[in-house]
Amino acid sequence: MDLEGNLLTPDGWMRGRVRFDARIQELEGAPVAEPAAGPRILPGFVDLHVHGGGGQDVMEGGDAPRGLARAHAAAGTTSLLATTMTAPLAEITAALRAIRAAMDARRRGEARILGVHLEGPFLNPGRLGAQPACVARGDLDVALALHAVAPIRVLTLAPELDGHLELIRALAGLGVRVQIGHTLSSYEQVVAALDAGATGFTHLFNAMTGLHHRAPGAVGAALAHGDFAELIPDLLHVHPGALRAALRCIPRLYAVTDGTAASGMPDGHYRLGAHAVTKCQNSVRLPDGTLAGSCLTMHQAFKNLIHLGLSVAEASRRCSQYPAEHLGLPERGRLAPGCFADLLVLEEDLALRQILVEGEPLA
């Protein structure tokens with residue numbers, strides 16, 4: 001197959017054609033400074049933090065991972081990490097079994113599930129955000145047992161808890177990306193975690209110690225030392241000014257949705273793990289008003305970044321290339337020979353015209 005238009009490659013825009021089957025075979029054309037009239041062809045979005053979508057929550061197990069993979073694919077996400085909530089170990093294990101089944105046999109219309117983002121249970125009970133109060137101290141044997149059920153690509157933990165620096169070292173040695181989140185850690189504790197092998201931050205600014213000039217906290221450590229960090233650019237979780245500061249400080253800051261069952265659905269009541277949540281307009285909240293994940297899509301995240309002043313190319317990198325790089329997956333998130341043909345065809349106004357996952361159109 002082939003597509004013609006303005007191709008966004010790692011080296012910039014090209015006017016020409018991409019030939020592909022499941023992977024990109026060849027790019028033909030000439031470099032251009034700016035896209036000309038006609039469609040824009042971009043790499044598919046890569047979302048490393050997805051709890052649900054299309055009315056289904058990953059903690060339900062069963063076909064829920066497939067449901068969320070379909071819902072997010074419809075908005076341009078071609079690969080993702082299914083993300084858990086704090087819960088009893090048996091419930092997390094059941095959710096991971098369902099994720100593994102969806103990974104092993106992707107169906108047409110679904111985004112590729114790359115693995116698991118284990119968000120909890122190794123969190124600080126004093127900074128749970130919307131996580132249920134079902135936390136546990138870090139245990140390598142537990143983490144390995146879960147990893148054997150479905151591959152854990154990213155694990156969020158609070159580094160200040162006893163034994164967690166040792167856990168970070170062990171997980172990093174296995175290739176798991178450890179992210180700092182749901183934490184009351186000091187600046188110094190976060191720096192120690194980065195030195196131990198932590199590589200990123202979970203929903204930067206949210207559910208972590210904030211920046212003060214005499215107590216820089218987790219946010220200050222991220223801004224001073226972070227190379228990768230995820231952030232929810234729905235313009236509710238993080239003020240645009242804070243988002244701009246993070247963009248200046250963290251070289252490979254990338255977008256996530258933190259999407260819930262409410263993603264792609266009308267206003268109403270949904271589940272987020274053990275919690276009941278309500279979607280109203282552009283937010284998802286607990287009964288007390290606490291933000292509880294989001295109903296953001298990666299396409300809207302991409303457009304929000306452009307609204308804040310990023311170019312299409314820069315916004316694309318932060319929605320595709322950088323999250324793939326964080327996982328160490330150079331074959332995702334880029335338009336280059338040998339990469340998977342995860343492709344988005346956009347109109348000049350950035351509306352989605354066509355979505356392909358590994359060379360296969362959604363419909």
# chains A, B, ... in the order shown; residues from 1 in each chain; ligands from 1

$ residues_around --residues "stretch 107-116 of chain A" --least-positions-apart "3" --cutoff "7 Å" --atoms "only C-alpha atoms" --output "VMD selection string"
chain A and resid 66 69 to 70 73 77 to 83 103 150 to 154 357 362 to 363

$ residues_around --residues "stretch 320-327 of chain A" --least-positions-apart "2" --cutoff "9 Å" --atoms "only C-alpha atoms" --output "PyMOL selection string"
chain A and resi 10+43-48+77+153-154+175-177+199-200+228-230+252-256+315-318+329-334

$ residues_around --residues "stretch 2-7 of chain A" --least-positions-apart "5" --cutoff "7 Å" --atoms "only C-alpha atoms" --output "list in words"
Trp13, Met14, Arg15, Gly16, Arg17, Val18, Arg19, Phe20, Pro35, Ala36, Gly38, Pro39, Arg40, Ile41 and Leu42 of chain A

$ closest_residue --among "A:Leu96, A:Ala71, A:Leu184, A:Ala221" --to "A:Cys249" --atoms "only C-alpha atoms"
A:Ala221

$ select_by_dssp --residues "stretch 225-272 of chain A" --states "strand (DSSP E)" --output "ChimeraX atom specification"
/A:228-231,252-255,268-272

$ atom_distance --atom1 "atom CA of A:Ile250" --atom2 "atom CA of A:Gly226"
5.7 Å

$ closest_residue --among "A:Phe340, A:Tyr270, A:Phe205, A:Phe122" --to "A:Gly138" --atoms "only C-alpha atoms"
A:Phe122

$ closest_residue --among "A:Ala143, A:Val190, A:Leu223, A:Ile92" --to "A:Leu243" --atoms "only C-alpha atoms"
A:Leu223

$ closest_residue --among "A:Ala261, A:Ala87, A:Ala224, A:Val284" --to "A:His51" --atoms "only C-alpha atoms"
A:Ala261

$ select_by_dssp --residues "stretch 97-298 of chain A" --states "alpha helix (DSSP H)" --output "VMD selection string"
chain A and resid 97 to 104 140 to 149 164 to 173 187 to 196 217 to 225 240 to 249 298

$ residues_around --residues "A:Pro121" --least-positions-apart "5" --cutoff "9 Å" --atoms "only C-alpha atoms" --output "number ranges by chain"
A: 85-89, 134-138, 156-157

$ write_last_selection --atoms "N, CA and C atoms" --output "mmCIF file, in the first residue's frame"
data_model
loop_
_atom_site.group_PDB
_atom_site.id
_atom_site.type_symbol
_atom_site.label_atom_id
_atom_site.label_comp_id
_atom_site.auth_asym_id
_atom_site.auth_seq_id
_atom_site.Cartn_x
_atom_site.Cartn_y
_atom_site.Cartn_z
ATOM 1 N N MET A 85 -5.058 0.199 38.429
ATOM 2 C CA MET A 85 -5.293 1.003 39.629
ATOM 3 C C MET A 85 -4.845 0.196 40.843
ATOM 4 N N THR A 86 -4.689 0.868 41.988
ATOM 5 C CA THR A 86 -4.466 0.139 43.219
ATOM 6 C C THR A 86 -5.688 -0.737 43.501
ATOM 7 N N ALA A 87 -5.416 -1.967 43.932
ATOM 8 C CA ALA A 87 -6.475 -2.950 44.163
ATOM 9 C C ALA A 87 -5.850 -4.158 44.851
ATOM 10 N N PRO A 88 -6.660 -5.061 45.406
ATOM 11 C CA PRO A 88 -6.092 -6.311 45.915
ATOM 12 C C PRO A 88 -5.327 -7.043 44.815
ATOM 13 N N LEU A 89 -4.312 -7.777 45.213
ATOM 14 C CA LEU A 89 -3.434 -8.436 44.257
ATOM 15 C C LEU A 89 -4.200 -9.338 43.299
ATOM 16 N N CYS A 134 -5.636 1.214 48.645
ATOM 17 C CA CYS A 134 -5.279 -0.203 48.672
ATOM 18 C C CYS A 134 -3.806 -0.337 48.309
ATOM 19 N N VAL A 135 -2.960 0.364 49.066
ATOM 20 C CA VAL A 135 -1.547 0.428 48.730
ATOM 21 C C VAL A 135 -0.763 -0.651 49.467
ATOM 22 N N ALA A 136 0.476 -0.844 49.017
ATOM 23 C CA ALA A 136 1.371 -1.811 49.637
ATOM 24 C C ALA A 136 2.798 -1.336 49.465
ATOM 25 N N ARG A 137 3.669 -1.757 50.381
ATOM 26 C CA ARG A 137 5.089 -1.479 50.218
ATOM 27 C C ARG A 137 5.633 -2.311 49.065
ATOM 28 N N GLY A 138 6.638 -1.775 48.409
ATOM 29 C CA GLY A 138 7.209 -2.449 47.262
ATOM 30 C C GLY A 138 7.769 -3.815 47.586
ATOM 31 N N THR A 156 4.811 2.782 38.319
ATOM 32 C CA THR A 156 4.813 4.003 39.119
ATOM 33 C C THR A 156 4.935 3.647 40.589
ATOM 34 N N LEU A 157 5.818 4.346 41.289
ATOM 35 C CA LEU A 157 5.942 4.135 42.736
ATOM 36 C C LEU A 157 6.361 5.428 43.423
#
